[in-house]
Amino acid sequence: FCLLYCLPEDADWRDESLYQMANPSLGVTCSKEFLHKMRVQAEQTPSLQTEFKCKNLGLWCNSESAWINYTNWQVCIDNSKKYKFDPKKPYFATIGIDLSKRNDLTGAVLCLYQDGKYFLESKSYFPKDSMRERITHEGEMWQSWVDKGLLTATQGKTIDYQCLYKDIRKWAEKYTISEILYDPYSSNELINELSDSFEMIEVQQSLRYLSPMTKAFESCVLNGDIVCDNPVLSWMVSNATVYSDANGNIKVIKNTNEKGGNNSKRIDNLICSIMCVGRTESLRENGELIMTDPNKTEESLENFLSSLKWE
């Protein structure tokens, strides 16, 4: 014999007056205060909603759930008018790289941590010969973003990674890059080019490994600690949903529930941002974050740049 207590499928999961229906021993084995706390957390943190609905309200849920909403990300966009990075003050700089197949999209994000804020600069690369197809399937925005310098269309049918390396060098000319974080998939060429010049940190793309980074990034967004006004990255945020497992681990994936499916969705630079912010937050919380003092690095930066083996 089995009896399942749950909310009706058409019920508002935020209505606490209905919670007795899913929790017949409410007030005995489970307190109203506890459910109220869990409900508030689920409303504030979208990635927790699936777990709350399933475990506390008895609702059947898809493992995919919505992630960052427009209102929360708009705060990050507006922050670009309120906060400015000061190159004369201490900072911690990382670069996140998500390589693609040669005919897809490659992403790179510079992340500067300073005074509790994360300043993100995003760049994306794709083969120029695929432009017509992308406009047909994904919209005129691609051409507009290329014209504005937000996307780099490399010559030919495959991505020319030299464009990526040149942009990394430009970042390195302005800032001391403490670490470069990368997805190990198809990364041999990347490691060969950069490992002699930078501290390379491999970031496994597994659910268990990425979950703490994803949750850290989510918290920083909800707290208003991200500073970024990049339309391409904003579009990728809108494409993202999260997959969660039974243990509460989460991972960002493409939202396939909307029109267009996988083929028209991109989240590459979002993954780069998650790696950078998540790594920096981990170092900060563990007391291992070593900030760069611009006043002490000018001479060493010149020596470093002269040692780079690629232009």
# chains A, B, ... in the order shown; residues from 1 in each chain; ligands from 1
>>> select_by_dssp(residues="stretch 137-251 of chain A", states="alpha helix (DSSP H)", output="ChimeraX atom specification")
/A:137-138,141-147,161-174,188-194,207-222,231-238
>>> residues_around(residues="A:Trp60", least_positions_apart="5", cutoff="10 Å", atoms="only C-alpha atoms", output="PyMOL selection string")
chain A and resi 6-7+9+50+53-55
>>> closest_residue(among="A:Ser273, A:Thr152, A:Ser100, A:Ser197", to="A:Pro184", atoms="only C-alpha atoms")
A:Ser100
>>> closest_residue(among="A:Ser31, A:Ser282, A:Thr136, A:Gln44", to="A:Ala216", atoms="only C-alpha atoms")
A:Ser282
>>> atom_distance(atom1="atom CA of A:Ile177", atom2="atom CA of A:Ile290")
11.7 Å
>>> select_by_dssp(residues="stretch 94-155 of chain A", states="strand (DSSP E or B)", output="ChimeraX atom specification")
/A:94-98,106-114,117-127,151-154
>>> closest_residue(among="A:Glu189, A:Asp293, A:Glu173, A:Glu281", to="A:Thr214", atoms="only C-alpha atoms")
A:Glu281
>>> atom_distance(atom1="atom CA of A:Leu26", atom2="atom CA of A:Tyr5")
11.8 Å
>>> residues_around(residues="A:Met141", least_positions_apart="6", cutoff="12 Å", atoms="only C-alpha atoms", output="PyMOL selection string")
chain A and resi 131-132+134-135+147-148+150-151+231-232+235
>>> write_last_selection(atoms="C-alpha atoms", output="mmCIF file, in the first residue's frame")
data_model
loop_
_atom_site.group_PDB
_atom_site.id
_atom_site.type_symbol
_atom_site.label_atom_id
_atom_site.label_comp_id
_atom_site.auth_asym_id
_atom_site.auth_seq_id
_atom_site.Cartn_x
_atom_site.Cartn_y
_atom_site.Cartn_z
ATOM 1 C CA MET A 131 28.012 33.510 -40.892
ATOM 2 C CA ARG A 132 25.171 33.068 -43.407
ATOM 3 C CA ARG A 134 24.103 31.440 -38.301
ATOM 4 C CA ILE A 135 22.050 34.437 -39.424
ATOM 5 C CA ASP A 147 30.113 44.852 -36.587
ATOM 6 C CA LYS A 148 30.282 46.104 -32.992
ATOM 7 C CA LEU A 150 31.487 41.773 -29.726
ATOM 8 C CA LEU A 151 32.118 38.672 -31.844
ATOM 9 C CA PRO A 231 24.905 41.626 -25.062
ATOM 10 C CA VAL A 232 26.422 38.319 -26.190
ATOM 11 C CA TRP A 235 22.019 36.322 -24.521
#
>>> decode(residues="stretch 50-61 of chain A", atoms="all heavy atoms", output="PDB file, in the first residue's frame")
ATOM      1  N   THR A  50      13.479  23.183  -7.936  1.00  0.00           N
ATOM      2  CA  THR A  50      13.133  21.802  -8.259  1.00  0.00           C
ATOM      3  C   THR A  50      13.232  20.911  -7.025  1.00  0.00           C
ATOM      4  O   THR A  50      12.343  20.094  -6.752  1.00  0.00           O
ATOM      5  CB  THR A  50      14.056  21.264  -9.369  1.00  0.00           C
ATOM      6  OG1 THR A  50      13.841  22.021 -10.560  1.00  0.00           O
ATOM      7  CG2 THR A  50      13.778  19.796  -9.648  1.00  0.00           C
ATOM      8  N   GLU A  51      14.314  21.058  -6.268  1.00  0.00           N
ATOM      9  CA  GLU A  51      14.508  20.232  -5.067  1.00  0.00           C
ATOM     10  C   GLU A  51      13.416  20.500  -4.035  1.00  0.00           C
ATOM     11  O   GLU A  51      12.885  19.573  -3.417  1.00  0.00           O
ATOM     12  CB  GLU A  51      15.885  20.514  -4.471  1.00  0.00           C
ATOM     13  CG  GLU A  51      16.218  19.644  -3.272  1.00  0.00           C
ATOM     14  CD  GLU A  51      17.626  19.884  -2.752  1.00  0.00           C
ATOM     15  OE1 GLU A  51      18.274  20.846  -3.209  1.00  0.00           O
ATOM     16  OE2 GLU A  51      18.079  19.103  -1.891  1.00  0.00           O
ATOM     17  N   PHE A  52      13.047  21.783  -3.847  1.00  0.00           N
ATOM     18  CA  PHE A  52      12.015  22.133  -2.869  1.00  0.00           C
ATOM     19  C   PHE A  52      10.659  21.566  -3.278  1.00  0.00           C
ATOM     20  O   PHE A  52       9.938  20.970  -2.468  1.00  0.00           O
ATOM     21  CB  PHE A  52      11.926  23.654  -2.726  1.00  0.00           C
ATOM     22  CG  PHE A  52      10.810  24.117  -1.836  1.00  0.00           C
ATOM     23  CD1 PHE A  52      10.862  23.917  -0.464  1.00  0.00           C
ATOM     24  CD2 PHE A  52       9.690  24.749  -2.367  1.00  0.00           C
ATOM     25  CE1 PHE A  52       9.824  24.337   0.363  1.00  0.00           C
ATOM     26  CE2 PHE A  52       8.653  25.163  -1.564  1.00  0.00           C
ATOM     27  CZ  PHE A  52       8.719  24.962  -0.188  1.00  0.00           C
ATOM     28  N   LYS A  53      10.287  21.743  -4.552  1.00  0.00           N
ATOM     29  CA  LYS A  53       8.998  21.252  -5.033  1.00  0.00           C
ATOM     30  C   LYS A  53       8.903  19.735  -4.912  1.00  0.00           C
ATOM     31  O   LYS A  53       7.863  19.194  -4.515  1.00  0.00           O
ATOM     32  CB  LYS A  53       8.788  21.655  -6.491  1.00  0.00           C
ATOM     33  CG  LYS A  53       8.598  23.149  -6.711  1.00  0.00           C
ATOM     34  CD  LYS A  53       8.496  23.441  -8.213  1.00  0.00           C
ATOM     35  CE  LYS A  53       8.398  24.920  -8.496  1.00  0.00           C
ATOM     36  NZ  LYS A  53       8.328  25.189  -9.957  1.00  0.00           N
ATOM     37  N   CYS A  54       9.994  19.058  -5.233  1.00  0.00           N
ATOM     38  CA  CYS A  54       9.988  17.595  -5.224  1.00  0.00           C
ATOM     39  C   CYS A  54      10.015  17.037  -3.806  1.00  0.00           C
ATOM     40  O   CYS A  54       9.176  16.203  -3.440  1.00  0.00           O
ATOM     41  CB  CYS A  54      11.175  17.081  -6.031  1.00  0.00           C
ATOM     42  SG  CYS A  54      11.293  15.282  -6.111  1.00  0.00           S
ATOM     43  N   LYS A  55      10.948  17.503  -2.987  1.00  0.00           N
ATOM     44  CA  LYS A  55      11.174  16.894  -1.679  1.00  0.00           C
ATOM     45  C   LYS A  55      10.231  17.400  -0.595  1.00  0.00           C
ATOM     46  O   LYS A  55       9.943  16.685   0.369  1.00  0.00           O
ATOM     47  CB  LYS A  55      12.624  17.108  -1.250  1.00  0.00           C
ATOM     48  CG  LYS A  55      13.631  16.390  -2.150  1.00  0.00           C
ATOM     49  CD  LYS A  55      15.053  16.539  -1.636  1.00  0.00           C
ATOM     50  CE  LYS A  55      16.040  15.757  -2.511  1.00  0.00           C
ATOM     51  NZ  LYS A  55      17.432  15.876  -2.033  1.00  0.00           N
ATOM     52  N   ASN A  56       9.757  18.651  -0.723  1.00  0.00           N
ATOM     53  CA  ASN A  56       8.929  19.225   0.330  1.00  0.00           C
ATOM     54  C   ASN A  56       7.453  19.343  -0.032  1.00  0.00           C
ATOM     55  O   ASN A  56       6.609  19.440   0.857  1.00  0.00           O
ATOM     56  CB  ASN A  56       9.459  20.610   0.728  1.00  0.00           C
ATOM     57  CG  ASN A  56      10.866  20.559   1.298  1.00  0.00           C
ATOM     58  OD1 ASN A  56      11.812  21.021   0.666  1.00  0.00           O
ATOM     59  ND2 ASN A  56      11.016  19.983   2.474  1.00  0.00           N
ATOM     60  N   LEU A  57       7.145  19.325  -1.334  1.00  0.00           N
ATOM     61  CA  LEU A  57       5.758  19.484  -1.753  1.00  0.00           C
ATOM     62  C   LEU A  57       5.226  18.279  -2.515  1.00  0.00           C
ATOM     63  O   LEU A  57       4.072  18.273  -2.932  1.00  0.00           O
ATOM     64  CB  LEU A  57       5.611  20.751  -2.615  1.00  0.00           C
ATOM     65  CG  LEU A  57       6.083  22.057  -1.960  1.00  0.00           C
ATOM     66  CD1 LEU A  57       5.837  23.232  -2.903  1.00  0.00           C
ATOM     67  CD2 LEU A  57       5.391  22.295  -0.626  1.00  0.00           C
ATOM     68  N   GLY A  58       6.085  17.273  -2.748  1.00  0.00           N
ATOM     69  CA  GLY A  58       5.642  16.046  -3.386  1.00  0.00           C
ATOM     70  C   GLY A  58       5.278  16.191  -4.845  1.00  0.00           C
ATOM     71  O   GLY A  58       4.506  15.378  -5.374  1.00  0.00           O
ATOM     72  N   LEU A  59       5.804  17.209  -5.508  1.00  0.00           N
ATOM     73  CA  LEU A  59       5.471  17.439  -6.908  1.00  0.00           C
ATOM     74  C   LEU A  59       6.454  16.726  -7.820  1.00  0.00           C
ATOM     75  O   LEU A  59       7.656  16.680  -7.546  1.00  0.00           O
ATOM     76  CB  LEU A  59       5.494  18.952  -7.206  1.00  0.00           C
ATOM     77  CG  LEU A  59       4.407  19.789  -6.528  1.00  0.00           C
ATOM     78  CD1 LEU A  59       4.675  21.272  -6.743  1.00  0.00           C
ATOM     79  CD2 LEU A  59       3.031  19.414  -7.057  1.00  0.00           C
ATOM     80  N   TRP A  60       5.934  16.181  -8.933  1.00  0.00           N
ATOM     81  CA  TRP A  60       6.805  15.605  -9.948  1.00  0.00           C
ATOM     82  C   TRP A  60       7.454  16.744 -10.709  1.00  0.00           C
ATOM     83  O   TRP A  60       6.783  17.643 -11.201  1.00  0.00           O
ATOM     84  CB  TRP A  60       6.015  14.714 -10.901  1.00  0.00           C
ATOM     85  CG  TRP A  60       5.514  13.464 -10.259  1.00  0.00           C
ATOM     86  CD1 TRP A  60       4.249  13.230  -9.795  1.00  0.00           C
ATOM     87  CD2 TRP A  60       6.272  12.277  -9.991  1.00  0.00           C
ATOM     88  NE1 TRP A  60       4.170  11.973  -9.253  1.00  0.00           N
ATOM     89  CE2 TRP A  60       5.395  11.351  -9.370  1.00  0.00           C
ATOM     90  CE3 TRP A  60       7.597  11.894 -10.220  1.00  0.00           C
ATOM     91  CZ2 TRP A  60       5.794  10.086  -8.964  1.00  0.00           C
ATOM     92  CZ3 TRP A  60       7.992  10.621  -9.820  1.00  0.00           C
ATOM     93  CH2 TRP A  60       7.109   9.746  -9.204  1.00  0.00           C
ATOM     94  N   CYS A  61       8.777  16.713 -10.815  1.00  0.00           N
ATOM     95  CA  CYS A  61       9.497  17.806 -11.462  1.00  0.00           C
ATOM     96  C   CYS A  61      10.476  17.273 -12.487  1.00  0.00           C
ATOM     97  O   CYS A  61      11.103  16.228 -12.287  1.00  0.00           O
ATOM     98  CB  CYS A  61      10.278  18.642 -10.435  1.00  0.00           C
ATOM     99  SG  CYS A  61       9.238  19.487  -9.232  1.00  0.00           S
TER     100      CYS A  61
END
